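Asker: Got input-v4.txt for you, compact mmCIF, C-alpha atoms:
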```txt
# COMPACT_ATOMS: atom_id res chain seq x y z
CA MET A 1 -58.08 -38.94 -2.88
CA ARG A 2 -56.02 -38.29 -5.98
CA ARG A 3 -57.06 -37.62 -9.55
CA HIS A 4 -56.38 -39.78 -12.59
CA LEU A 5 -57.16 -38.70 -16.16
CA HIS A 6 -57.68 -41.24 -18.93
CA LEU A 7 -57.68 -40.26 -22.61
CA ASP A 8 -59.66 -42.16 -25.26
CA PRO A 9 -58.49 -41.01 -28.72
CA LEU A 10 -61.43 -42.41 -30.67
CA GLY A 11 -61.00 -39.81 -33.38
CA GLY A 12 -57.35 -39.07 -32.66
CA ILE A 13 -55.50 -36.39 -30.76
CA ALA A 14 -54.51 -32.90 -31.82
CA GLY A 15 -53.75 -29.85 -29.73
CA ASP A 16 -57.18 -28.26 -30.08
CA MET A 17 -58.94 -31.56 -29.36
CA PHE A 18 -56.96 -31.97 -26.13
CA VAL A 19 -57.72 -28.43 -24.94
CA ALA A 20 -61.42 -28.74 -25.80
CA ALA A 21 -61.77 -32.10 -24.03
CA MET A 22 -60.06 -30.82 -20.89
CA LEU A 23 -62.12 -27.62 -20.72
CA ASP A 24 -65.29 -29.64 -21.30
CA ALA A 25 -64.38 -31.75 -18.25
CA PHE A 26 -62.98 -28.83 -16.22
CA PRO A 27 -64.92 -25.69 -17.24
CA GLU A 28 -63.58 -23.89 -14.18
CA LEU A 29 -60.21 -23.67 -15.96
CA THR A 30 -61.63 -21.78 -18.96
CA ASP A 31 -60.92 -18.22 -17.77
CA ARG A 32 -57.36 -19.13 -16.80
CA VAL A 33 -56.63 -20.80 -20.13
CA LEU A 34 -58.16 -18.05 -22.28
CA ALA A 35 -56.21 -15.41 -20.35
CA ASP A 36 -52.93 -17.25 -20.95
CA VAL A 37 -53.73 -17.64 -24.65
CA ALA A 38 -54.55 -13.94 -24.99
CA ALA A 39 -51.26 -13.06 -23.28
CA VAL A 40 -49.12 -14.94 -25.81
CA LEU A 41 -50.93 -14.06 -29.06
CA PRO A 42 -50.48 -10.78 -30.99
CA ASN A 43 -53.49 -8.49 -31.08
CA ASP A 44 -54.25 -9.18 -34.75
CA ALA A 45 -54.08 -12.99 -34.46
CA GLY A 46 -57.74 -13.43 -33.58
CA THR A 47 -59.66 -14.50 -30.49
CA ALA A 48 -59.67 -17.93 -28.86
CA ARG A 49 -63.16 -19.37 -28.56
CA LEU A 50 -64.92 -22.46 -27.26
CA GLU A 51 -67.98 -23.59 -29.20
CA ARG A 52 -70.49 -26.29 -28.34
CA GLY A 53 -71.41 -28.48 -31.31
CA MET A 54 -72.17 -31.99 -32.51
CA SER A 55 -70.10 -34.81 -33.99
CA ARG A 56 -71.98 -37.90 -35.20
CA GLY A 57 -74.80 -37.19 -32.78
CA MET A 58 -72.52 -36.54 -29.78
CA SER A 59 -72.40 -33.21 -27.95
CA VAL A 60 -68.81 -31.94 -28.16
CA LEU A 61 -66.71 -28.88 -27.47
CA ARG A 62 -64.42 -27.30 -30.07
CA PHE A 63 -61.53 -24.95 -29.41
CA GLY A 64 -60.27 -22.61 -32.09
CA LEU A 65 -58.99 -19.21 -33.12
CA HIS A 66 -61.55 -16.93 -34.74
CA GLY A 67 -60.46 -14.04 -36.91
CA GLY A 68 -57.10 -15.69 -37.64
CA HIS A 69 -56.10 -19.03 -39.18
CA ALA A 70 -58.59 -21.87 -38.81
CA HIS A 71 -57.56 -25.24 -37.49
CA ASP A 72 -57.17 -27.77 -40.26
CA HIS A 73 -54.49 -30.05 -38.72
CA HIS A 74 -52.44 -29.85 -41.94
CA HIS A 75 -48.84 -28.84 -42.36
CA HIS A 76 -48.10 -25.50 -44.00
CA ASP A 77 -45.36 -24.10 -46.20
CA HIS A 78 -44.34 -21.17 -43.97
CA ALA A 79 -42.50 -21.63 -40.73
CA THR A 80 -41.05 -20.08 -37.61
CA THR A 81 -38.14 -21.19 -35.47
CA TYR A 82 -38.15 -23.09 -32.22
CA ALA A 83 -36.07 -20.36 -30.60
CA ALA A 84 -38.53 -17.62 -31.63
CA LEU A 85 -41.56 -19.48 -30.27
CA ARG A 86 -39.76 -20.40 -27.05
CA ASP A 87 -38.74 -16.77 -26.49
CA ARG A 88 -42.26 -15.54 -27.20
CA ILE A 89 -43.70 -17.92 -24.60
CA GLY A 90 -41.01 -16.95 -22.10
CA ALA A 91 -41.70 -13.23 -22.53
CA ALA A 92 -45.49 -13.47 -22.18
CA PRO A 93 -47.15 -12.67 -18.80
CA LEU A 94 -48.55 -16.18 -18.30
CA SER A 95 -49.94 -17.74 -15.14
CA GLU A 96 -47.32 -19.32 -12.90
CA GLY A 97 -45.90 -22.55 -14.31
CA THR A 98 -47.58 -22.29 -17.72
CA ALA A 99 -44.46 -21.22 -19.61
CA HIS A 100 -42.48 -24.15 -18.17
CA HIS A 101 -44.98 -26.75 -19.38
CA ALA A 102 -45.64 -25.02 -22.72
CA CYS A 103 -41.91 -24.83 -23.45
CA ALA A 104 -41.48 -28.48 -22.45
CA ILE A 105 -44.15 -29.49 -24.99
CA LEU A 106 -42.52 -27.28 -27.62
CA HIS A 107 -39.14 -28.83 -26.83
CA LEU A 108 -40.45 -32.35 -27.52
CA ILE A 109 -41.59 -31.27 -30.99
CA ALA A 110 -38.29 -29.50 -31.64
CA LEU A 111 -36.23 -32.56 -30.64
CA ALA A 112 -38.28 -34.76 -32.97
CA GLU A 113 -37.99 -32.32 -35.87
CA ALA A 114 -34.25 -31.91 -35.28
CA ALA A 115 -33.75 -35.69 -35.36
CA ALA A 116 -35.98 -36.15 -38.41
CA HIS A 117 -34.16 -33.50 -40.45
CA ASP A 118 -30.66 -33.75 -38.91
CA LEU A 119 -30.61 -30.14 -37.72
CA PRO A 120 -29.27 -28.40 -34.61
CA LEU A 121 -32.08 -27.68 -32.18
CA GLU A 122 -31.84 -23.90 -32.47
CA LYS A 123 -32.18 -24.07 -36.27
CA VAL A 124 -35.35 -26.15 -36.29
CA HIS A 125 -38.14 -24.52 -38.29
CA PHE A 126 -41.66 -25.48 -37.32
CA HIS A 127 -44.23 -26.04 -40.00
CA GLU A 128 -46.76 -27.67 -37.68
CA LEU A 129 -46.59 -24.62 -35.38
CA ALA A 130 -46.46 -21.99 -38.11
CA ASP A 131 -49.97 -20.70 -37.40
CA TRP A 132 -50.96 -18.81 -34.25
CA ASP A 133 -53.66 -21.33 -33.46
CA SER A 134 -51.11 -24.10 -33.02
CA LEU A 135 -48.99 -21.97 -30.67
CA MET A 136 -52.24 -21.25 -28.84
CA ASP A 137 -52.79 -24.99 -28.35
CA VAL A 138 -49.34 -25.45 -26.80
CA VAL A 139 -49.83 -22.60 -24.33
CA ALA A 140 -53.40 -23.64 -23.49
CA ALA A 141 -52.22 -27.20 -22.84
CA GLY A 142 -49.42 -25.90 -20.60
CA SER A 143 -51.93 -23.86 -18.61
CA ILE A 144 -54.18 -26.89 -18.14
CA VAL A 145 -51.36 -29.23 -17.15
CA VAL A 146 -50.01 -26.93 -14.44
CA ALA A 147 -53.55 -26.49 -13.04
CA LEU A 148 -53.84 -30.30 -12.80
CA ALA A 149 -50.23 -30.89 -11.75
CA ASP A 150 -50.98 -33.65 -9.24
CA ALA A 151 -52.97 -35.80 -11.68
CA THR A 152 -51.72 -39.02 -13.24
CA TRP A 153 -52.50 -39.87 -16.86
CA SER A 154 -53.13 -42.81 -19.16
CA CYS A 155 -54.17 -43.14 -22.79
CA ALA A 156 -55.88 -45.88 -24.80
CA PRO A 157 -54.13 -47.09 -28.00
CA LEU A 158 -53.78 -44.42 -30.68
CA PRO A 159 -55.38 -44.58 -34.15
CA LEU A 160 -52.68 -45.10 -36.76
CA GLY A 161 -54.43 -43.36 -39.64
CA GLY A 162 -52.98 -43.83 -43.08
CA GLY A 163 -52.10 -42.31 -46.41
CA THR A 164 -49.86 -39.30 -46.85
CA ILE A 165 -49.73 -35.61 -45.96
CA ARG A 166 -48.31 -32.70 -47.92
CA THR A 167 -45.64 -30.82 -45.96
CA ALA A 168 -42.91 -28.27 -46.60
CA HIS A 169 -40.58 -31.28 -46.98
CA GLY A 170 -42.80 -32.87 -49.63
CA ILE A 171 -45.20 -35.79 -49.43
CA LEU A 172 -44.71 -37.79 -46.22
CA PRO A 173 -46.42 -40.88 -44.79
CA VAL A 174 -48.80 -40.84 -41.84
CA PRO A 175 -48.01 -40.67 -38.94
CA ALA A 176 -45.71 -37.72 -39.67
CA PRO A 177 -42.01 -38.34 -38.87
CA ALA A 178 -42.08 -36.05 -35.82
CA THR A 179 -45.20 -37.75 -34.46
CA ALA A 180 -43.69 -41.21 -34.90
CA ARG A 181 -40.50 -40.18 -33.08
CA ILE A 182 -42.30 -38.54 -30.17
CA LEU A 183 -44.57 -41.54 -29.57
CA GLN A 184 -42.08 -44.39 -29.93
CA GLY A 185 -43.14 -47.16 -27.57
CA TYR A 186 -46.81 -46.15 -27.44
CA ASP A 187 -49.55 -48.54 -28.54
CA TRP A 188 -51.26 -47.94 -31.89
CA ILE A 189 -54.20 -49.59 -33.64
CA ASP A 190 -55.37 -49.56 -37.26
CA ASP A 191 -59.11 -48.87 -37.19
CA GLY A 192 -59.36 -48.68 -40.97
CA ILE A 193 -59.79 -44.90 -41.14
CA GLY A 194 -57.03 -43.01 -42.94
CA GLY A 195 -55.69 -39.51 -42.69
CA GLU A 196 -53.55 -37.84 -40.05
CA ARG A 197 -55.22 -38.85 -36.80
CA VAL A 198 -52.43 -37.82 -34.41
CA THR A 199 -50.61 -34.53 -35.02
CA PRO A 200 -47.13 -33.61 -33.75
CA THR A 201 -48.67 -31.13 -31.31
CA GLY A 202 -51.10 -33.72 -29.99
CA ALA A 203 -48.27 -36.26 -29.75
CA ALA A 204 -46.07 -33.87 -27.78
CA ILE A 205 -48.86 -33.01 -25.34
CA LEU A 206 -49.57 -36.70 -24.77
CA ALA A 207 -45.89 -37.54 -24.25
CA HIS A 208 -45.54 -34.63 -21.83
CA VAL A 209 -48.49 -35.51 -19.60
CA THR A 210 -47.64 -39.24 -19.53
CA GLY A 211 -43.94 -38.57 -18.89
CA GLY A 212 -42.95 -40.36 -22.10
CA ARG A 213 -44.04 -43.70 -20.65
CA PRO A 214 -47.13 -45.21 -22.28
CA ALA A 215 -49.89 -46.28 -19.91
CA PRO A 216 -52.71 -47.79 -21.99
CA THR A 217 -54.99 -48.69 -19.08
CA HIS A 218 -56.35 -46.69 -16.17
CA PRO A 219 -56.32 -47.91 -12.55
CA GLY A 220 -60.08 -47.53 -12.06
CA GLY A 221 -61.66 -45.74 -9.15
CA ARG A 222 -64.68 -43.50 -8.72
CA MET A 223 -65.60 -42.00 -12.08
CA GLY A 224 -65.99 -38.23 -12.23
CA ALA A 225 -66.42 -35.75 -15.05
CA THR A 226 -65.90 -36.52 -18.72
CA GLY A 227 -65.03 -34.19 -21.57
CA MET A 228 -65.41 -34.53 -25.34
CA GLY A 229 -63.10 -32.45 -27.52
CA ALA A 230 -63.77 -32.57 -31.26
CA GLY A 231 -61.66 -31.97 -34.32
CA THR A 232 -62.91 -30.30 -37.49
CA ARG A 233 -62.83 -33.36 -39.74
CA ASP A 234 -65.83 -35.69 -40.16
CA LEU A 235 -65.05 -39.40 -39.81
CA PRO A 236 -67.15 -42.01 -41.64
CA ASP A 237 -68.45 -44.15 -38.78
CA ARG A 238 -67.65 -42.45 -35.47
CA PRO A 239 -67.46 -39.04 -33.82
CA ASN A 240 -64.11 -37.34 -34.33
CA VAL A 241 -63.44 -36.83 -30.64
CA LEU A 242 -60.86 -37.16 -27.91
CA ARG A 243 -62.56 -38.08 -24.64
CA VAL A 244 -61.10 -37.51 -21.20
CA THR A 245 -62.52 -39.35 -18.20
CA THR A 246 -61.61 -38.44 -14.64
CA PHE A 247 -61.24 -40.93 -11.80
CA ASP A 248 -60.86 -40.25 -8.10
CA ILE A 249 -58.61 -42.85 -6.52
CA ALA A 250 -58.02 -43.44 -2.83
CA HIS A 251 -54.47 -42.72 -1.72
CA GLY A 252 -52.34 -45.81 -1.45
CA ALA A 253 -50.78 -48.34 -3.75
CA ASP A 254 -52.24 -49.10 -7.17
CA ARG A 255 -52.30 -52.55 -8.69
CA ASP A 256 -50.99 -53.46 -12.10
CA ARG A 257 -49.80 -56.58 -13.89
CA VAL A 258 -46.44 -57.02 -15.58
CA VAL A 259 -44.55 -59.83 -17.28
CA GLN A 260 -41.30 -61.19 -15.86
CA LEU A 261 -38.87 -62.78 -18.32
CA ALA A 262 -35.81 -64.53 -16.89
CA CYS A 263 -32.86 -66.58 -18.11
CA ASP A 264 -29.53 -67.94 -16.82
CA LEU A 265 -26.35 -67.08 -18.75
CA ASP A 266 -23.23 -69.20 -18.24
CA ASP A 267 -21.36 -68.75 -21.52
CA MET A 268 -21.26 -64.97 -22.02
CA THR A 269 -18.45 -62.63 -20.97
CA GLY A 270 -19.02 -59.68 -18.69
CA GLU A 271 -18.58 -57.31 -21.62
CA GLU A 272 -21.20 -59.18 -23.66
CA ILE A 273 -23.69 -59.21 -20.79
CA GLY A 274 -23.11 -55.50 -20.19
CA ALA A 275 -23.75 -54.64 -23.84
CA ALA A 276 -26.91 -56.77 -23.93
CA THR A 277 -28.18 -55.22 -20.70
CA ASP A 278 -27.73 -51.67 -22.02
CA ARG A 279 -29.62 -52.45 -25.23
CA LEU A 280 -32.46 -54.19 -23.43
CA ARG A 281 -32.90 -51.43 -20.83
CA ASP A 282 -33.34 -48.86 -23.61
CA MET A 283 -36.23 -50.74 -25.24
CA PRO A 284 -39.78 -49.32 -24.98
CA GLY A 285 -41.85 -51.33 -22.53
CA VAL A 286 -38.94 -52.48 -20.35
CA LEU A 287 -39.75 -51.47 -16.77
CA ASP A 288 -36.77 -52.93 -14.90
CA LEU A 289 -33.83 -55.26 -15.45
CA ILE A 290 -31.55 -56.76 -12.83
CA LEU A 291 -28.60 -59.18 -12.89
CA LEU A 292 -28.01 -61.74 -10.12
CA ASN A 293 -25.05 -64.01 -9.44
CA ALA A 294 -26.02 -67.69 -9.08
CA GLN A 295 -24.60 -71.19 -9.37
CA GLY A 296 -25.85 -73.37 -12.21
CA LYS A 297 -25.43 -76.93 -13.36
CA LYS A 298 -22.03 -78.57 -12.95
CA SER A 299 -21.38 -75.92 -10.25
CA ARG A 300 -20.70 -73.30 -12.91
CA PRO A 301 -21.19 -69.62 -11.99
CA VAL A 302 -24.05 -68.07 -13.94
CA THR A 303 -25.60 -64.63 -14.32
CA ARG A 304 -29.35 -64.63 -13.90
CA MET A 305 -31.11 -61.90 -15.91
CA GLU A 306 -34.59 -60.91 -14.73
CA LEU A 307 -36.57 -58.39 -16.74
CA LEU A 308 -39.95 -56.79 -16.07
CA CYS A 309 -41.94 -55.48 -19.02
CA ASP A 310 -45.32 -54.18 -20.06
CA PRO A 311 -47.45 -57.12 -21.29
CA ALA A 312 -48.18 -55.25 -24.52
CA HIS A 313 -44.46 -55.32 -25.39
CA GLU A 314 -43.72 -58.89 -24.28
CA ALA A 315 -43.33 -60.45 -27.73
CA ILE A 316 -40.82 -57.95 -29.09
CA ILE A 317 -38.82 -57.92 -25.83
CA ALA A 318 -38.67 -61.73 -25.73
CA GLU A 319 -37.36 -61.68 -29.29
CA ALA A 320 -34.73 -59.14 -28.27
CA LEU A 321 -33.63 -61.33 -25.35
CA PHE A 322 -33.01 -64.22 -27.74
CA ASP A 323 -31.19 -61.86 -30.08
CA GLN A 324 -28.99 -60.14 -27.49
CA THR A 325 -28.09 -63.13 -25.27
CA SER A 326 -27.01 -66.74 -25.73
CA THR A 327 -30.01 -68.19 -23.87
CA LEU A 328 -32.00 -71.01 -25.46
CA GLY A 329 -35.13 -70.42 -23.38
CA LEU A 330 -36.94 -67.92 -21.18
CA ARG A 331 -38.92 -68.34 -17.99
CA ARG A 332 -42.13 -66.30 -18.06
CA ASN A 333 -44.35 -65.21 -15.18
CA LEU A 334 -47.28 -62.83 -14.87
CA ILE A 335 -46.72 -60.74 -11.75
CA ASP A 336 -49.23 -58.57 -9.89
CA ARG A 337 -47.59 -55.47 -8.42
CA LEU A 338 -48.51 -52.89 -5.83
CA ILE A 339 -47.13 -49.52 -6.95
CA LEU A 340 -47.27 -46.10 -5.34
CA PRO A 341 -48.52 -43.07 -7.27
CA ARG A 342 -45.44 -41.36 -8.66
CA GLY A 343 -44.36 -38.75 -11.16
CA ASN A 344 -41.61 -36.42 -12.31
CA THR A 345 -41.08 -32.82 -11.26
CA ILE A 346 -38.54 -29.99 -11.18
CA THR A 347 -37.36 -28.74 -7.77
CA LYS A 348 -37.12 -25.06 -6.87
CA ALA A 349 -33.37 -25.36 -7.42
CA GLY A 350 -33.98 -26.56 -10.98
CA ASN A 351 -33.08 -30.21 -10.42
CA ARG A 352 -35.04 -33.11 -11.89
CA ALA A 353 -36.70 -35.32 -9.29
CA LYS A 354 -39.18 -38.15 -8.84
CA TRP A 355 -42.01 -37.92 -6.33
CA ALA A 356 -44.02 -40.71 -4.74
CA ASP A 357 -47.09 -40.57 -2.51
CA ARG A 358 -46.36 -42.75 0.53
CA PRO A 359 -48.74 -43.46 3.45
CA ALA A 360 -46.92 -40.90 5.61
CA GLY A 361 -46.68 -38.25 2.89
CA ARG A 362 -44.91 -37.40 -0.35
CA SER A 363 -41.24 -38.30 -0.83
CA LEU A 364 -38.88 -36.71 -3.35
CA LYS A 365 -35.72 -38.14 -4.89
CA ILE A 366 -33.27 -36.21 -7.08
CA GLU A 367 -32.43 -37.87 -10.41
CA ASP A 368 -29.13 -39.73 -10.34
CA GLU A 369 -27.76 -37.85 -13.37
CA ASP A 370 -28.20 -34.52 -11.57
CA LEU A 371 -26.50 -35.88 -8.44
CA ARG A 372 -23.58 -37.20 -10.48
CA ALA A 373 -22.98 -33.70 -11.85
CA CYS A 374 -22.16 -32.45 -8.32
CA PRO A 375 -18.43 -32.05 -7.63
CA ASN A 376 -18.37 -33.71 -4.18
CA LEU A 377 -20.33 -35.60 -1.52
CA ALA A 378 -21.23 -32.50 0.49
CA THR A 379 -22.86 -30.87 -2.53
CA ARG A 380 -24.79 -34.04 -3.33
CA ARG A 381 -26.11 -34.22 0.23
CA ARG A 382 -27.13 -30.54 0.20
CA MET A 383 -28.97 -31.13 -3.07
CA ARG A 384 -30.90 -34.01 -1.50
CA GLU A 385 -31.86 -31.80 1.46
CA ASP A 386 -32.97 -28.92 -0.80
```
The structure in this file should be written as structure tokens.
Answerer:
Amino acid sequence: MRRHLHLDPLGGIAGDMFVAAMLDAFPELTDRVLADVAAVLPNDAGTARLERGMSRGMSVLRFGLHGGHAHDHHHHDHATTYAALRDRIGAAPLSEGTAHHACAILHLIALAEAAAHDLPLEKVHFHELADWDSLMDVVAAGSIVVALADATWSCAPLPLGGGTIRTAHGILPVPAPATARILQGYDWIDDGIGGERVTPTGAAILAHVTGGRPAPTHPGGRMGATGMGAGTRDLPDRPNVLRVTTFDIAHGADRDRVVQLACDLDDMTGEEIGAATDRLRDMPGVLDLILLNAQGKKSRPVTRMELLCDPAHEAIIAEALFDQTSTLGLRRNLIDRLILPRGNTITKAGNRAKWADRPAGRSLKIEDEDLRACPNLATRRRMRED
């Protein structure tokens, strides 16, 4: 059996909501997480606590820092640098693997902030992570993720929110620029409730656990524990919660459904097809794209383009196909797939790799970019063996 975790962001997702939901579902991780948090915080920052409470009649868990700054999910006027926070995490005596995941979450926020404000990464100043409680959320999330390293994740569509927030950069629209950049390609819904519903920290945690690839539906299986993590804000018609539901799934291939879009191109040059292919492959929701040589009408050679995409992104990808190619029509098929459980990892040698659970055991494949960096064939083969 393997474990799958599905997130329902009914109220939204912030760092403290994620941690509370996970510890509600997995209370056995509480001591580990609190120890890691205590290791990274200064003595005068306060004490991390879990408190049972209510939100719109639902029993929930809240996670916060007492004796220091309270969670309010707003942006503040003081800041600290990405480099300083990264070094603090790296120097703390955390449980094995926690620093790696915490720094990876922090790095996602830093990349988004750097892009939003056109700054070098090392000069990024965090306003979202200016308070100790937000750093606490990142480290707590890292501790949880490494403890559940073999799990797969999915998340229901995110609440868009609305209005504006006051930040150190002035008044900005919701979602915040960093949040919007981190979660490009994810599904959002407008449920009519405004405010900042997804914070940059929550966005980075979600992107990290899902590998940056949105998965709005879960594969089903035997339902296990659930957890309800609450924010501090009261919503008008629903509990302000993030729910996690666990599923135990038998080892083997999962089923999913994708859309295939195909067209034949007989009047585009190789350079034009190459440019179109690169643009299409980079689009959110595109799962695969292949080119085949074929013979068309009047015995003309044609290039057949076949693209697989997430059904939720079909409309925008079809529009892009008409925009990037000369085709006048697309063939469309719904395809049921059998897919193995898979994920991303870092090898002991520090190389990026993809794992897959096969009937005979787990396989591991080094990322092509890391193999290409090797100077010769012998080194590439040694890397594969390691």
Asker: Write out as a ChimeraX atom specification each polymer residue whose atoms come within 10 Å of A:Ile316, counting only C-alpha atoms; drop sequence neighbours fewer than 4 positions from it.
Answerer: /A:283-285,312,320-321
Asker: Write out as JSON lines the residues of stretch 116-169 of chain A that have any atom within 10 Å of an atom of stretch 54-67 of chain A, one row each with the nearest atom pair and its distance in Å to one decimal, counting all atoms listed in the file, sorted by chain and then rising number.
Answerer:
```
{"residue": "A:Trp132", "atom": "CA", "partner": "A:Leu65", "partner_atom": "CA", "distance": 8.1}
{"residue": "A:Asp133", "atom": "CA", "partner": "A:Leu65", "partner_atom": "CA", "distance": 5.7}
{"residue": "A:Ser134", "atom": "CA", "partner": "A:Leu65", "partner_atom": "CA", "distance": 9.3}
{"residue": "A:Met136", "atom": "CA", "partner": "A:Leu65", "partner_atom": "CA", "distance": 8.2}
{"residue": "A:Asp137", "atom": "CA", "partner": "A:Gly64", "partner_atom": "CA", "distance": 8.7}
```
Asker: For atom CA of A:Glu369 and atom CA of A:Leu289, quote the distance in Å rounded to one decimal.
Answerer: 18.6 Å
Asker: In terms of the shortest atom-to-atom distance over only C-alpha atoms, which of A:Leu85, A:Leu160, A:Leu265, A:Leu23 is closest to A:Leu41?
Answerer: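 Comparing A:Leu85, A:Leu160, A:Leu265, A:Leu23 against A:Leu41, the winner is A:Leu85.
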Asker: Counting all atoms listed in the file, figure out which residue out of A:Arg233, A:Arg382, A:His208, A:His313 gets nearest to A:Glu196.
Answerer: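 With all atoms listed in the file as the atom set, the closest residue is A:Arg233.
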Asker: Could you list, as a VMD selection string, every residue within 9 Å of A:Leu111, counting only C-alpha atoms and ignoring same-chain residues fewer than 6 positions away?
Answerer: chain A and resid 121 124 178 182
Asker: Between atom CA of A:His100 and atom CA of A:Arg213, what distance in Å does the model show, to one decimal?
Answerer: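 Here the two named atoms are 19.8 Å from each other.
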Asker: Do you know which residues are at most 7 Å from A:Arg197 counting only C-alpha atoms, after dropping those on the same chain fewer than 4 positions away, and could you put them as a PyMOL selection string?
Answerer: chain A and resi 11-13+159-161
Asker: Measuring atom to atom with all atoms listed in the file, identify which of A:Ala21, A:Val139, A:Ala114, A:Ala204 is nearest to A:Ala99.
Answerer: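 For A:Ala99, the nearest of the given residues is A:Val139.
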Asker: Any idea what the distance is between atom CA of A:His101 and atom CA of A:Ala141?
Answerer: 8.0 Å
Asker: Return the single residue from A:Leu308, A:His117, A:Leu377, A:Asp44 that is closest to A:Ala168, with distances computed using all atoms listed in the file.
Answerer: A:His117
Asker: Using all atoms listed in the file, can you tell me which of A:Ala14, A:Met22, A:Ile105, A:Ile193 comes closest to A:Arg243?
Answerer: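 Once distances to A:Arg243 are computed over all atoms listed in the file, the minimum belongs to A:Met22.
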